[in-house]
Structures are given as C-alpha cells and as structure tokens.
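Pasted below: start_16.tsv, TSV, C-alpha atoms and all ligand atoms.
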```
chain	number	residue	atom	x	y	z
K	1	MET	CA	218.08	-17.46	-134.82
K	2	THR	CA	218.05	-17.78	-131.06
K	3	ARG	CA	218.06	-21.57	-131.23
K	4	ILE	CA	220.99	-21.53	-133.65
K	5	ARG	CA	223.01	-19.08	-131.56
K	6	LEU	CA	222.43	-20.92	-128.28
K	7	PHE	CA	222.93	-24.37	-129.81
K	8	GLU	CA	226.27	-23.36	-131.29
K	9	GLU	CA	227.45	-21.59	-128.14
K	10	ARG	CA	226.65	-24.79	-126.27
K	11	THR	CA	228.37	-26.86	-128.95
K	12	LEU	CA	231.58	-24.87	-128.38
K	13	GLU	CA	231.33	-25.56	-124.64
K	14	VAL	CA	230.79	-29.27	-125.23
K	15	LEU	CA	233.72	-29.29	-127.65
K	16	MET	CA	235.98	-27.70	-125.02
K	17	GLN	CA	234.86	-30.38	-122.56
K	18	GLY	CA	236.18	-32.98	-125.02
K	19	LYS	CA	232.75	-34.52	-125.54
K	20	LEU	CA	232.44	-34.19	-129.30
K	21	ALA	CA	233.45	-37.11	-131.51
K	22	SER	CA	235.70	-34.85	-133.58
K	23	THR	CA	237.23	-31.41	-133.23
K	24	MET	CA	236.01	-30.72	-136.80
K	25	CYS	CA	233.25	-28.32	-135.91
K	26	HIS	CA	232.51	-25.02	-137.63
K	27	VAL	CA	230.05	-22.65	-136.03
K	28	SER	CA	228.02	-20.02	-137.87
K	29	ILE	CA	227.63	-17.56	-135.00
K	30	GLY	CA	227.00	-14.16	-136.61
K	31	GLN	CA	225.42	-15.68	-139.73
K	32	GLU	CA	222.10	-16.83	-138.25
K	33	ALA	CA	219.93	-14.43	-140.26
K	34	VAL	CA	220.93	-16.14	-143.50
K	35	ALA	CA	219.91	-19.61	-142.35
K	36	ALA	CA	216.67	-18.36	-140.79
K	37	GLY	CA	215.67	-16.08	-143.68
K	38	VAL	CA	216.31	-18.72	-146.32
K	39	CYS	CA	214.68	-21.63	-144.51
K	40	MET	CA	211.60	-19.61	-143.58
K	41	ALA	CA	210.97	-19.15	-147.29
K	42	MET	CA	210.78	-22.91	-147.83
K	43	GLN	CA	207.66	-25.05	-148.18
K	44	PRO	CA	207.41	-28.54	-146.66
K	45	GLN	CA	208.17	-30.36	-149.94
K	46	ASP	CA	211.31	-28.31	-150.63
K	47	TYR	CA	214.92	-29.50	-150.49
K	48	LEU	CA	217.98	-28.01	-148.85
K	49	THR	CA	221.68	-28.66	-149.34
K	50	SER	CA	224.20	-27.46	-146.81
K	51	THR	CA	227.85	-27.01	-145.94
K	52	HIS	CA	230.49	-27.87	-143.36
K	53	ARG	CA	229.14	-24.83	-141.46
K	54	GLY	CA	225.62	-26.13	-141.56
K	55	HIS	CA	224.17	-26.53	-138.04
K	56	GLY	CA	222.13	-23.35	-138.50
K	57	HIS	CA	220.63	-24.48	-141.79
K	58	LEU	CA	219.21	-27.65	-140.27
K	59	ILE	CA	218.00	-25.91	-137.11
K	60	ALA	CA	216.24	-23.28	-139.22
K	61	ARG	CA	214.60	-26.06	-141.21
K	62	GLY	CA	213.25	-27.53	-137.96
K	63	GLY	CA	215.96	-30.10	-137.25
K	64	ASP	CA	215.87	-32.20	-134.10
K	65	LEU	CA	218.39	-30.77	-131.63
K	66	ALA	CA	218.78	-34.05	-129.72
K	67	ARG	CA	219.63	-36.00	-132.87
K	68	MET	CA	222.01	-33.24	-133.92
K	69	MET	CA	223.85	-33.17	-130.61
K	70	ALA	CA	224.01	-36.96	-130.56
K	71	GLU	CA	225.53	-36.89	-134.04
K	72	LEU	CA	228.12	-34.35	-132.92
K	73	MET	CA	229.02	-36.63	-130.04
K	74	GLY	CA	229.25	-39.72	-132.28
K	75	LYS	CA	226.31	-41.45	-130.63
K	76	ALA	CA	224.10	-44.19	-132.06
K	77	THR	CA	221.00	-41.97	-131.73
K	78	GLY	CA	222.51	-39.28	-133.97
K	79	TYR	CA	221.10	-38.25	-137.33
K	80	CYS	CA	223.58	-40.44	-139.19
K	81	LYS	CA	223.93	-43.07	-136.45
K	82	GLY	CA	226.97	-41.17	-135.21
K	83	ARG	CA	228.98	-41.72	-138.39
K	84	GLY	CA	228.76	-38.30	-139.98
K	85	GLY	CA	229.54	-35.79	-137.25
K	86	SER	CA	229.13	-32.05	-137.54
K	87	MET	CA	229.83	-31.77	-141.27
K	88	HIS	CA	227.57	-34.51	-142.64
K	89	ILE	CA	224.21	-34.25	-140.96
K	90	THR	CA	221.27	-35.22	-143.17
K	91	ASP	CA	217.53	-35.28	-142.54
K	92	MET	CA	215.66	-36.66	-145.55
K	93	ALA	CA	212.31	-36.27	-143.77
K	94	LEU	CA	212.87	-32.50	-143.83
K	95	GLY	CA	214.18	-32.54	-147.40
K	96	HIS	CA	217.65	-31.80	-146.01
K	97	LEU	CA	219.85	-33.62	-148.50
K	98	GLY	CA	222.94	-33.29	-146.41
K	99	ALA	CA	225.67	-31.07	-145.12
K	100	ASN	CA	228.93	-31.68	-146.95
K	101	GLY	CA	232.57	-31.50	-145.90
K	102	ILE	CA	233.65	-31.08	-149.52
K	103	VAL	CA	233.53	-27.38	-150.26
K	104	GLY	CA	231.12	-26.97	-153.21
K	105	GLY	CA	230.36	-30.70	-153.30
K	106	HIS	CA	226.70	-30.21	-152.54
K	107	ILE	CA	226.12	-27.61	-155.27
K	108	GLY	CA	226.00	-30.40	-157.84
K	109	ILE	CA	223.67	-32.35	-155.57
K	110	ALA	CA	221.32	-29.34	-155.48
K	111	VAL	CA	221.26	-29.21	-159.27
K	112	GLY	CA	220.48	-32.95	-159.30
K	113	ALA	CA	217.59	-32.34	-156.90
K	114	GLY	CA	216.41	-29.50	-159.14
K	115	LEU	CA	216.55	-31.75	-162.18
K	116	TRP	CA	214.50	-34.34	-160.33
K	117	SER	CA	211.89	-31.71	-159.42
K	118	SER	CA	211.75	-30.53	-162.99
K	119	LEU	CA	211.32	-34.07	-164.37
K	120	SER	CA	208.86	-35.24	-161.75
K	121	GLN	CA	206.96	-31.92	-161.47
K	122	ASN	CA	206.97	-32.27	-157.70
K	123	ARG	CA	206.75	-28.47	-157.12
K	124	ALA	CA	209.77	-28.57	-154.83
K	125	VAL	CA	212.37	-25.83	-154.82
K	126	THR	CA	215.93	-26.61	-153.74
K	127	MET	CA	217.67	-24.09	-151.53
K	128	CYS	CA	221.42	-24.46	-151.99
K	129	LEU	CA	223.53	-22.68	-149.39
K	130	PHE	CA	227.30	-22.42	-149.82
K	131	GLY	CA	230.19	-20.25	-148.69
K	132	ASP	CA	232.16	-17.70	-150.70
K	133	GLY	CA	235.01	-20.22	-150.97
K	134	ALA	CA	232.81	-22.44	-153.14
K	135	VAL	CA	232.08	-19.68	-155.64
K	136	THR	CA	235.57	-19.77	-157.14
K	137	GLU	CA	235.47	-23.53	-157.71
K	138	GLY	CA	234.71	-25.11	-161.08
K	139	VAL	CA	231.69	-27.01	-159.80
K	140	PHE	CA	229.94	-23.74	-159.02
K	141	HIS	CA	230.18	-22.54	-162.63
K	142	GLU	CA	229.08	-25.86	-164.09
K	143	ALA	CA	226.15	-26.09	-161.69
K	144	MET	CA	225.00	-22.52	-162.33
K	145	ASN	CA	225.25	-23.02	-166.06
K	146	MET	CA	223.30	-26.27	-166.10
K	147	ALA	CA	220.63	-24.96	-163.74
K	148	ALA	CA	220.23	-21.86	-165.91
K	149	VAL	CA	220.08	-23.77	-169.20
K	150	PHE	CA	217.40	-26.15	-167.89
K	151	ARG	CA	215.66	-23.43	-165.80
K	152	LEU	CA	215.81	-25.68	-162.77
K	153	PRO	CA	213.97	-24.72	-159.57
K	154	VAL	CA	217.08	-24.04	-157.50
K	155	VAL	CA	217.89	-21.00	-155.37
K	156	PHE	CA	221.64	-20.56	-155.00
K	157	VAL	CA	222.53	-18.67	-151.83
K	158	CYS	CA	226.12	-17.69	-151.19
K	159	GLU	CA	226.56	-17.13	-147.50
K	160	ASN	CA	229.40	-14.70	-147.99
K	161	ASN	CA	231.00	-14.46	-144.56
K	162	GLN	CA	233.91	-12.60	-146.16
K	163	TYR	CA	236.57	-15.30	-145.68
K	164	ALA	CA	237.36	-18.75	-146.99
K	165	MET	CA	239.57	-19.83	-144.13
K	166	SER	CA	242.05	-16.89	-144.20
K	167	LEU	CA	241.38	-15.76	-147.78
K	168	PRO	CA	239.29	-12.58	-147.92
K	169	TRP	CA	236.48	-12.49	-150.47
K	170	SER	CA	237.84	-9.25	-151.92
K	171	LYS	CA	241.12	-10.99	-152.80
K	172	SER	CA	239.57	-14.13	-154.25
K	173	THR	CA	237.46	-12.53	-156.98
K	174	PRO	CA	237.33	-9.34	-159.03
K	175	ALA	CA	233.50	-9.58	-159.12
K	176	VAL	CA	232.53	-9.06	-155.50
K	177	ASP	CA	228.83	-8.54	-156.06
K	178	PHE	CA	226.46	-11.30	-157.10
K	179	LYS	CA	224.39	-9.29	-159.54
K	180	THR	CA	227.40	-9.08	-161.84
K	181	ARG	CA	228.25	-12.74	-161.37
K	182	ALA	CA	224.70	-13.93	-162.11
K	183	ALA	CA	224.65	-11.95	-165.36
K	184	ALA	CA	227.22	-14.41	-166.75
K	185	TYR	CA	224.48	-17.06	-166.60
K	186	ALA	CA	221.69	-14.66	-167.64
K	187	LEU	CA	220.13	-15.06	-164.22
K	188	PRO	CA	218.87	-12.57	-161.67
K	189	GLY	CA	221.50	-11.86	-159.02
K	190	VAL	CA	220.53	-10.30	-155.73
K	191	ASP	CA	222.86	-8.84	-153.12
K	192	VAL	CA	221.30	-8.74	-149.70
K	193	ASP	CA	222.27	-7.65	-146.19
K	194	GLY	CA	222.89	-11.00	-144.53
K	195	GLN	CA	222.53	-9.48	-141.05
K	196	ASP	CA	218.94	-8.51	-141.75
K	197	VAL	CA	216.71	-11.57	-141.51
K	198	ALA	CA	213.73	-9.81	-143.07
K	199	ALA	CA	215.78	-8.77	-146.10
K	200	VAL	CA	217.12	-12.31	-146.54
K	201	TYR	CA	213.60	-13.72	-146.18
K	202	GLN	CA	212.19	-11.38	-148.82
K	203	ALA	CA	214.95	-12.18	-151.28
K	204	ALA	CA	214.57	-15.92	-150.67
K	205	CYS	CA	210.78	-15.78	-151.08
K	206	ALA	CA	211.06	-13.90	-154.38
K	207	ALA	CA	213.63	-16.40	-155.66
K	208	ALA	CA	211.59	-19.42	-154.49
K	209	ASP	CA	208.44	-18.01	-156.15
K	210	ARG	CA	210.31	-17.52	-159.40
K	211	ALA	CA	211.69	-21.07	-159.26
K	212	ARG	CA	208.26	-22.54	-158.48
K	213	ARG	CA	206.73	-20.67	-161.41
K	214	GLY	CA	209.18	-22.47	-163.68
K	215	ASP	CA	211.25	-19.37	-164.41
K	216	GLY	CA	214.49	-20.90	-163.19
K	217	PRO	CA	217.21	-20.21	-160.66
K	218	THR	CA	218.33	-17.06	-158.85
K	219	LEU	CA	221.71	-16.33	-157.32
K	220	ILE	CA	221.58	-14.56	-153.97
K	221	GLY	CA	224.65	-13.16	-152.26
K	222	ALA	CA	223.90	-12.79	-148.56
K	223	HIS	CA	226.71	-10.67	-147.14
K	224	THR	CA	227.48	-11.64	-143.57
K	225	TYR	CA	230.35	-12.38	-141.15
K	226	ARG	CA	231.47	-15.25	-138.97
K	227	PHE	CA	232.11	-13.85	-135.53
K	228	PHE	CA	234.59	-16.61	-134.62
K	229	GLY	CA	237.51	-18.22	-136.43
K	230	HIS	CA	237.12	-20.70	-139.25
K	231	SER	CA	237.16	-23.49	-136.68
K	232	ARG	CA	238.16	-23.72	-133.04
K	233	GLY	CA	241.92	-23.63	-133.61
K	234	ASP	CA	241.79	-20.42	-135.69
K	235	PRO	CA	242.37	-17.17	-133.77
K	236	SER	CA	241.61	-15.15	-136.98
K	237	ALA	CA	244.94	-13.31	-136.82
K	238	TYR	CA	244.42	-12.38	-140.48
K	239	ARG	CA	241.42	-10.18	-139.64
K	240	ASP	CA	241.49	-6.53	-138.66
K	241	PRO	CA	240.00	-6.17	-135.15
K	242	GLU	CA	238.30	-2.95	-136.28
K	243	GLU	CA	236.55	-4.90	-139.02
K	244	GLU	CA	235.41	-7.50	-136.48
K	245	LYS	CA	234.08	-4.73	-134.26
K	246	ARG	CA	232.13	-3.17	-137.11
K	247	TRP	CA	230.45	-6.49	-137.96
K	248	ARG	CA	229.77	-7.42	-134.35
K	249	ALA	CA	227.90	-4.13	-134.01
K	250	ARG	CA	225.59	-5.58	-136.66
K	251	ASP	CA	224.82	-8.81	-134.82
K	252	PRO	CA	221.62	-10.12	-136.47
K	253	LEU	CA	219.94	-11.08	-133.17
K	254	PRO	CA	219.93	-7.68	-131.41
K	255	LEU	CA	219.17	-6.03	-134.75
K	256	PHE	CA	216.07	-8.16	-135.16
K	257	LYS	CA	215.03	-7.85	-131.52
K	258	ALA	CA	215.23	-4.04	-131.68
K	259	ARG	CA	213.12	-3.96	-134.82
K	260	ALA	CA	210.62	-6.53	-133.54
K	261	LEU	CA	210.12	-4.54	-130.33
K	262	ALA	CA	209.93	-1.18	-132.11
K	263	GLU	CA	207.42	-2.44	-134.67
K	264	GLY	CA	205.37	-4.42	-132.13
K	265	TRP	CA	205.91	-7.92	-133.58
K	266	LEU	CA	207.20	-9.20	-130.23
K	267	ASP	CA	207.25	-7.95	-126.67
K	268	GLU	CA	209.95	-8.52	-124.04
K	269	ASP	CA	208.02	-11.49	-122.58
K	270	ALA	CA	207.93	-13.24	-125.93
K	271	ILE	CA	211.67	-12.77	-126.36
K	272	VAL	CA	212.36	-14.22	-122.90
K	273	ARG	CA	210.04	-17.13	-123.71
K	274	ILE	CA	211.84	-17.86	-126.99
K	275	GLU	CA	215.22	-17.84	-125.23
K	276	THR	CA	214.01	-19.99	-122.34
K	277	GLU	CA	212.43	-22.57	-124.64
K	278	ALA	CA	215.59	-22.75	-126.71
K	279	ARG	CA	217.79	-23.23	-123.63
K	280	GLN	CA	215.51	-25.97	-122.30
K	281	ALA	CA	215.52	-27.79	-125.66
K	282	ILE	CA	219.31	-27.55	-125.83
K	283	ASP	CA	219.76	-28.77	-122.23
K	284	ALA	CA	217.52	-31.74	-123.01
K	285	ALA	CA	219.40	-32.42	-126.26
K	286	VAL	CA	222.78	-32.44	-124.49
K	287	ALA	CA	221.49	-34.66	-121.67
K	288	ALA	CA	219.95	-37.16	-124.11
K	289	ALA	CA	223.08	-37.23	-126.26
K	290	GLU	CA	225.33	-37.79	-123.24
K	291	ALA	CA	223.15	-40.67	-122.07
K	292	ALA	CA	223.01	-42.35	-125.51
K	293	PRO	CA	225.27	-45.27	-126.47
K	294	PRO	CA	228.24	-44.62	-128.76
K	295	ALA	CA	227.96	-45.48	-132.45
K	296	ALA	CA	228.68	-49.15	-133.10
K	297	ASP	CA	231.57	-49.96	-135.47
K	298	SER	CA	229.25	-52.33	-137.31
K	299	VAL	CA	227.15	-49.47	-138.75
K	300	ALA	CA	230.05	-48.14	-140.81
K	301	PHE	CA	229.02	-50.07	-143.92
K	302	GLU	CA	225.26	-49.60	-143.58
K	303	ASP	CA	223.33	-47.27	-145.91
K	304	VAL	CA	226.15	-47.01	-148.42
K	305	TYR	CA	224.00	-47.81	-151.47
K	306	ALA	CA	220.57	-46.39	-152.33
K	307	PRO	CA	217.57	-48.73	-152.15
K	308	SER	CA	217.04	-50.56	-155.45
K	309	GLY	CA	213.77	-48.71	-156.20
K	310	ALA	CA	215.60	-45.44	-156.84
K	311	GLN	CA	216.68	-46.29	-160.38
K	312	GLN	CA	213.13	-47.29	-161.34
K	313	LEU	CA	211.81	-43.97	-160.06
K	314	ILE	CA	214.37	-42.09	-162.14
K	315	ASP	CA	213.61	-44.16	-165.26
K	316	LYS	CA	209.90	-43.47	-164.82
K	317	ALA	CA	210.44	-39.73	-164.42
K	318	VAL	CA	212.76	-39.53	-167.43
K	319	SER	CA	210.43	-41.50	-169.70
K	320	ALA	CA	207.47	-39.32	-168.63
K	401	LIG	C1	237.13	-29.22	-152.16
K	401	LIG	C2	237.67	-28.76	-150.84
K	401	LIG	N1	238.75	-27.95	-150.82
K	401	LIG	C3	239.26	-27.52	-149.64
K	401	LIG	C4	238.69	-27.91	-148.46
K	401	LIG	C5	239.25	-27.42	-147.13
K	401	LIG	N2	238.35	-26.36	-146.62
K	401	LIG	C6	237.43	-26.65	-145.68
K	401	LIG	S1	236.50	-25.33	-145.31
K	401	LIG	C7	237.33	-24.35	-146.39
K	401	LIG	C8	236.97	-22.89	-146.56
K	401	LIG	C9	235.62	-22.74	-147.13
K	401	LIG	O1	235.26	-21.39	-147.18
K	401	LIG	P1	233.80	-20.96	-147.51
K	401	LIG	O2	233.27	-21.76	-148.64
K	401	LIG	O3	233.84	-19.48	-147.69
K	401	LIG	O4	232.95	-21.35	-146.24
K	401	LIG	P2	233.13	-20.85	-144.74
K	401	LIG	O5	234.13	-21.78	-144.10
K	401	LIG	O6	233.58	-19.46	-144.77
K	401	LIG	O7	231.77	-21.01	-144.15
K	401	LIG	C10	238.31	-25.05	-147.03
K	401	LIG	C11	239.22	-24.49	-148.05
K	401	LIG	C12	237.57	-28.77	-148.52
K	401	LIG	N3	236.96	-29.19	-147.41
K	401	LIG	N4	237.06	-29.16	-149.71
```
Rewrite the coordinates I just gave you, this time as structure tokens.
Amino acid sequence: MTRIRLFEERTLEVLMQGKLASTMCHVSIGQEAVAAGVCMAMQPQDYLTSTHRGHGHLIARGGDLARMMAELMGKATGYCKGRGGSMHITDMALGHLGANGIVGGHIGIAVGAGLWSSLSQNRAVTMCLFGDGAVTEGVFHEAMNMAAVFRLPVVFVCENNQYAMSLPWSKSTPAVDFKTRAAAYALPGVDVDGQDVAAVYQAACAAADRARRGDGPTLIGAHTYRFFGHSRGDPSAYRDPEEEKRWRARDPLPLFKARALAEGWLDEDAIVRIETEARQAIDAAVAAAEAAPPAADSVAFEDVYAPSGAQQLIDKAVSA
C-alpha cells in the first residue's frame, strides 16, 4: 500500500512536470487496500485483469516500478515498449493480462482466462478488478452469466470508489450492494470495507479458494473512495466536501498502521523501513525512466498478433 501511494504521488508530480507521455493518468490514491488485499490472495500461477486506474493492481502483484515509470513516460524500456502508457500496462510474467482503457473491456478477457484455466486444469484463478462504472455495462452481465454457468475460476472484484467520473454509484443502480446483484447469477456476493486491507484479503482468499476448488466465481464489492478527481483535470466539484472528509478520515494506510502497531505486527522502525525502501525504489525508477531512450516509432506495429502456437494450444486444451 505504501509503494502504491508513494508511486502515485510521485506520478502526479512527474505529470505536473510535463514528463509523462500522456496526460491520461488516473491515480487510485485512497483505494490501495483493495489492490493490496486482492493481490495478496493470489498464487504465482494466477491471472489478473485491470483497469484504466490500474497502477496499484500491478504494484500489488509485484510489478517493476522502473518499467512502469518508463511506460508512463513513453520510453523504450517501458512494460509495453512505451506504446501503452498508464492505461495499458501488461506483465505476462506476473500473469497480469493487462490494464484496459475500455471500461469493462477486460471483464470478458478475465472470463476467457477462466475458461482457459478450466479447460487446461492449470489451477489458476483469475482476479478481475473493475470499477463501479463497468457494472452497469452489458459486458458485465454477459461475463458474470457465462462464468457462473461454466463455474469458471474467476473472482470478480468491483472496486466501488463511489463514482464513475461524476456519476455517483447510488444514482447509477437501484441495487447498491453486491450480495443482491450476485444473487441474479446464483453466486455468492460479498460486500467488504475497501478501506480495510485485512477484510479485503479475507474476502479475496475465500473467493480464490472457492474458485480453485472448482465451485465457481464470487462477486466481491469492495467499497472504497478515490481521494482525488477522476483524472488530473477533474476538481470533483460534484462531490460534497463533507463526504470527502468522511472518507479521508478512513485512509487505508493510517488505518492499517494503527492496527499493525496496536496488534504488534509491525513496529515504528519497520514502518519507516517500508517507507524508505519504497521511496528509494521510486527514486531509482524515475531516474532510470528519465535516462531511457524514447519509444521508437518503428515498434508501433510489433506484437500485434499472437505467436502462431497459441491456436494449437487452444485446440489441444479443447480436445482434451
Ligand atoms: C466503454 C467505455 N465507455 C466510456 C469510457 C470513458 N470513461 C473512462 S473512465 C470512465 C469512468 C469509469 O468509472 P469506473 O468504472 O467507476 O472506474 P473509476 O474511474 O471510478 O476507477 C469512463 C466513463 C471508456 N473509457 N470506455
């Protein structure tokens, strides 16, 4: 959570300095407990699909900060050779099947990954994180239905930060809790405090265990808040300052620190060490990204098609 918070604070600074390749950059400050709790519940073989607000998901999965920062700056050393930018970072080695600038676009990809796991029996669970804005799209319903019918090993996690751009969650749906919504697909639905990393972790572990046992998907609603606007140019004039104050009082980092100190999981020295290590890693990432060469135009058409072996793998899995 500390790495995510500090990385994104630094990203905003770098953005203001005009060093990012695009101003399209959405930070998840305030939502770190969801990313950390979900990704901690993952095993090495598992998959993850992510959103336009996805830096935290990749960092929680162990992403390389230098390659991330280079990608944000449009450098050749970036995760996607500088072509993807903030909204399209992918790390196949970590099972991270990609962030996605199309709201809801990756939910279908998660179901595809789940189908692959089911056919190939690879024991992988797919964690699919999406925002509340995606829940009212058609793809969400189709994906939930198909995953439920085939009992696919997918954990659907709505990171409900209360707003899709300026549209409040309470005005976009009459079914604000996820238990009710999941019942439509005959699935377990779990509503969890998205500011409490331990609660998110427990819910994600239970859902991942269920998926790995072959019992099918779970829908988790992790209720959280983005502390900043939708993106840099959004002053959040549509939000009540009192509401913002209430959520900021439930910042997941101090909440966790207080509990960790009170219950003896960490001492002050450990907390300072975590923060110092994160700052050093971020400084090094920014320095390396700044020094790297820009993405070459010639890479634009590389990696467009999958290697030819992919179809054979699918045919083999289907015939088995
Ligand atoms: C299919 C599609 N429709 C609209 C947009 C424009 N858009 C980008 S982000 C966003 C809001 C998404 O809200 P939510 O899913 O709640 O995620 P959050 O931004 O709150 O993390 C919209 C409408 C888009 N990128 N893709």
- prompt: What separation in Å, quoted to one decimal, exists between atom CA of Gly138 of chain K and atom CA of Trp116 of chain K?
  reply: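 Between atom CA of Gly138 of chain K and atom CA of Trp116 of chain K the gap works out to 22.2 Å.
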Margin query: Can you work out which residues are within 6 Å of ligand LIG 401 (chain K), considering all atoms listed in the file, and then hand them over as a PyMOL selection string?
Written below: chain K and resi 53+101-103+131-134+161+163-165+230
TODO: Tell me which of K:Tyr47, K:Gln202, K:Val111, K:Phe156 sits closest to Glu142 of chain K, counting all atoms listed in the file.
DONE: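 Among the listed residues, K:Val111 lies closest to Glu142 of chain K.
Our summary of the geometry notes that atom CA of Val192 of chain K is positioned 27.7 Å from atom CA of Pro235 of chain K.
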Next on the checklist: At a cut-off of 8 Å, using all atoms listed in the file, what residues contact segment 207-220 of chain K? Leave out same-chain residues fewer than 5 positions from it and give the result as an NGL selection string.
Outcome noted: :K and (41-42 or 123-125 or 147-148 or 150-158 or 178-179 or 182 or 187-192)
Name all residues at most 8 Å from His88 of chain K (count all atoms listed in the file; drop same-chain ones fewer than 6 positions away) and give them as an mmCIF file with C-alpha atoms, in the frame of the given file.
```cif
data_model
loop_
_atom_site.group_PDB
_atom_site.id
_atom_site.type_symbol
_atom_site.label_atom_id
_atom_site.label_comp_id
_atom_site.auth_asym_id
_atom_site.auth_seq_id
_atom_site.Cartn_x
_atom_site.Cartn_y
_atom_site.Cartn_z
ATOM 1 C CA HIS K 52 230.490 -27.870 -143.360
ATOM 2 C CA CYS K 80 223.580 -40.440 -139.190
ATOM 3 C CA GLY K 98 222.940 -33.290 -146.410
ATOM 4 C CA ALA K 99 225.670 -31.070 -145.120
ATOM 5 C CA ASN K 100 228.930 -31.680 -146.950
ATOM 6 C CA GLY K 101 232.570 -31.500 -145.900
#
```
What lies within 9 Å of Thr11 of chain K using all atoms listed in the file, ignoring chain neighbours under 5 positions off, as a list in words?
Leu6, Met16, Leu20, Cys25, Val27, Met69 and Leu72 of chain K
Students should find that atom CA of Gly30 of chain K and atom CA of Arg226 of chain K are spaced 5.2 Å
Discussion item. Which residues are near Met68 of chain K? Cut-off 9 Å, only C-alpha atoms, ignore same chain within fewer than 2 positions. Put them as a ChimeraX atom specification.
Written reply: /K:55,58-59,63-66,70-73,78-79,85-86,89,285,289
Closest of K:Leu253, K:Met40, K:Val299, K:Leu266 to Arg5 of chain K, counting only C-alpha atoms, is K:Leu253
Residue with the minimum atom-to-atom distance to Val38 of chain K, picked from K:Lys245, K:His26, K:Arg61, K:Lys81 with all atoms listed in the file counted, is K:Arg61
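Excluding Ala317 of chain K and any residue on its chain fewer than 2 positions from it, the residues at most 12 Å away by only C-alpha atoms are Leu115, Trp116, Ser117, Ser118, Leu119, Ser120, Gln121, Asn122, Ala310, Gln311, Gln312, Leu313, Ile314, Asp315, Ser319 and Ala320 of chain K.
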With distances taken over all atoms listed in the file, the candidate from K:Ser22, K:Thr276, K:Thr49, K:Gln31 nearest His223 of chain K is K:Gln31
Of K:Ala281, K:Ala110, K:Ala184, K:Val318, the one nearest to Phe7 of chain K when counting all atoms listed in the file is K:Ala281
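For the choices K:Gly18, K:Gly62, K:Gly84, K:Gly105, the atom-to-atom distance to Ser50 of chain K is smallest for K:Gly105 when using only C-alpha atoms.
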Because the input lacks atoms here, generate N, CA, C and O atoms for segment 168-183 of chain K and report them as a short mmCIF file (atom, residue, chain, number, x, y, z; two decimals), in the frame of the given file.
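File written: out.cif
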```cif
data_model
loop_
_atom_site.label_atom_id
_atom_site.label_comp_id
_atom_site.auth_asym_id
_atom_site.auth_seq_id
_atom_site.Cartn_x
_atom_site.Cartn_y
_atom_site.Cartn_z
N PRO K 168 240.44 -13.50 -147.87
CA PRO K 168 239.29 -12.58 -147.92
C PRO K 168 238.59 -12.65 -149.28
O PRO K 168 239.24 -12.82 -150.30
N TRP K 169 237.29 -12.47 -149.25
CA TRP K 169 236.48 -12.49 -150.47
C TRP K 169 237.02 -11.48 -151.48
O TRP K 169 237.15 -11.77 -152.67
N SER K 170 237.40 -10.30 -151.01
CA SER K 170 237.84 -9.25 -151.92
C SER K 170 239.13 -9.63 -152.66
O SER K 170 239.44 -9.06 -153.69
N LYS K 171 239.88 -10.57 -152.11
CA LYS K 171 241.12 -10.99 -152.80
C LYS K 171 240.92 -12.25 -153.62
O LYS K 171 241.82 -12.68 -154.33
N SER K 172 239.75 -12.87 -153.52
CA SER K 172 239.57 -14.13 -154.25
C SER K 172 238.81 -13.94 -155.55
O SER K 172 238.73 -14.85 -156.35
N THR K 173 238.24 -12.76 -155.75
CA THR K 173 237.46 -12.53 -156.98
C THR K 173 237.46 -11.05 -157.34
O THR K 173 237.44 -10.19 -156.44
N PRO K 174 237.47 -10.75 -158.64
CA PRO K 174 237.33 -9.34 -159.03
C PRO K 174 235.85 -8.92 -159.08
O PRO K 174 235.55 -7.75 -159.16
N ALA K 175 234.94 -9.89 -159.03
CA ALA K 175 233.50 -9.58 -159.12
C ALA K 175 232.87 -9.84 -157.76
O ALA K 175 232.38 -10.93 -157.49
N VAL K 176 232.94 -8.83 -156.88
CA VAL K 176 232.53 -9.06 -155.50
C VAL K 176 231.03 -9.05 -155.29
O VAL K 176 230.54 -9.51 -154.26
N ASP K 177 230.28 -8.52 -156.25
CA ASP K 177 228.83 -8.54 -156.06
C ASP K 177 228.22 -9.66 -156.90
O ASP K 177 228.82 -10.13 -157.88
N PHE K 178 227.05 -10.11 -156.49
CA PHE K 178 226.46 -11.30 -157.10
C PHE K 178 225.56 -10.98 -158.29
O PHE K 178 225.27 -11.85 -159.10
N LYS K 179 225.17 -9.71 -158.38
CA LYS K 179 224.39 -9.29 -159.54
C LYS K 179 225.24 -9.45 -160.80
O LYS K 179 224.80 -10.01 -161.81
N THR K 180 226.47 -8.99 -160.71
CA THR K 180 227.40 -9.08 -161.84
C THR K 180 227.66 -10.54 -162.19
O THR K 180 227.64 -10.94 -163.34
N ARG K 181 227.90 -11.33 -161.17
CA ARG K 181 228.25 -12.74 -161.37
C ARG K 181 227.07 -13.50 -162.03
O ARG K 181 227.26 -14.29 -162.94
N ALA K 182 225.86 -13.21 -161.57
CA ALA K 182 224.70 -13.93 -162.11
C ALA K 182 224.46 -13.59 -163.57
O ALA K 182 223.95 -14.41 -164.33
N ALA K 183 224.87 -12.38 -163.97
CA ALA K 183 224.65 -11.95 -165.36
C ALA K 183 225.37 -12.88 -166.32
O ALA K 183 224.93 -13.08 -167.46
#
```
